[in-house]
Amino acid sequence: MSDPLDNSAATLVSSDSELPPRKRARTADLEESSGAHSGDAPPKDPQRHENLWFPDGNVVLISTDDIAFRLHKSVLGRHSSLFRDMFTLPQPQGANTEEFDGCPAVRLQDSGNSVAGLISIFYDGPDWVTHDTNKTRIPSFMVFAMLMDMAHKYQVEPIRLELVRRLEIYFPRKLHGLPFAFDLRPASFPPGCYSAIINMQKRDAVRVILLAQRYDMPQLLPTAYYTCSQLPTTEIPNHLTYVDGYSCRLGRSDIKRCIQGKEKLSQTRTQIIITVINSAACGNSEQFNASGKLAMIKCAASDGILHSSDVLDCKGFNEWLDGTKTNPAISASYCLNCWNSIKEAYKVAAQEVFQRLDVMYHVKGWSSVQ
């Protein structure tokens, strides 16, 4: 039986100590990551793109799946330093220049969807991150990740920086960012963050780890690893496959990090909850006595709170704690001051865990970017 962690030629794997690190994106890398065809098949007659074909364009870009885009060199060069250099540097003498529809043609190693996604921003602006008040245009993370690859490959710095900024909302460097990170309800976002909503699931953190390792974004890694640790243990080693054909998974060392992190977080959460409950005391401490505290700990265990690995979910813990007031075994012991002291002590403990995520997941350079 084959090892389920063996590498696959058609699969991107996170770089770690047991696998060669990925270098800056190369042509072949991005062809694979965008779900494009192999270049071995003979080229077909390109088909014009429905919208990105301008009669007055002076260059044609052709994707790996033979979609042709008639565009303007000036527009491409204005946004992309790679295109700017391509069109301004002299070509070698005797170079065999392909033409299509009377224009010089450039064959790219990217799918038509990837090319269209990037070029549409050049001409129409970043409408991939906007949506109306009815929330009908929340961009998918698949599109978001594809644009990250394209922005790096074609050296489109403003788009790259904007993509990184938006990823940092989901994988923040401050603990207070986490409670709303994967909640798609706009009301849960702080002012100014509504436009950053992405249709992202927790499992997409696998691909975020790949992006962070490939493009040197260590500030995303600790919370991305933490998010992967919230997945069921059996899902952490699995392939993550998107509808565009992209498939990825974590490497051996990263799988080990996430699973061991999950176990450590679960143990830490248990210790924190028992400690903060038993330490709760106020002037009315006789009311919330030892029997009330024991009943609350048992309630945490039966509700799945005590051994959960989601240590940083202060909001969820507080909501659970408020709900215990209706539990007959606890209600007689209810003390507002003690409940508030438990919440505050849990928040402090969670902050300490957050500050140690880089150590837990062996991420270098996180403290320098906080």
# chains A, B, ... in the order shown; residues from 1 in each chain; ligands from 1
>>> select_by_dssp(residues="range 160-335 of chain A", states="helix (DSSP H, G or I)", output="PyMOL selection string")
chain A and resi 160-170+175-180+186-188+194-196+202-214+218-229+252-279+290-302+314-326+328-331
>>> select_by_dssp(residues="range 89-317 of chain A", states="strand (DSSP E)", output="list in words")
Glu99, Phe100, Cys103, Pro104, Ala105, Val106, Arg107, Leu240, Thr241, Ser247, Cys248 and Arg249 of chain A
>>> atom_distance(atom1="CA of Ser63 in chain A", atom2="CA of Tyr246 in chain A")
16.6 Å
>>> closest_residue(among="A:Val115, A:Ser333, A:Leu306, A:Cys338", to="Trp320 in chain A", atoms="only C-alpha atoms")
A:Leu306
>>> closest_residue(among="A:Tyr242, A:Trp339, A:Phe87, A:Phe69", to="Asp56 in chain A", atoms="only C-alpha atoms")
A:Phe69
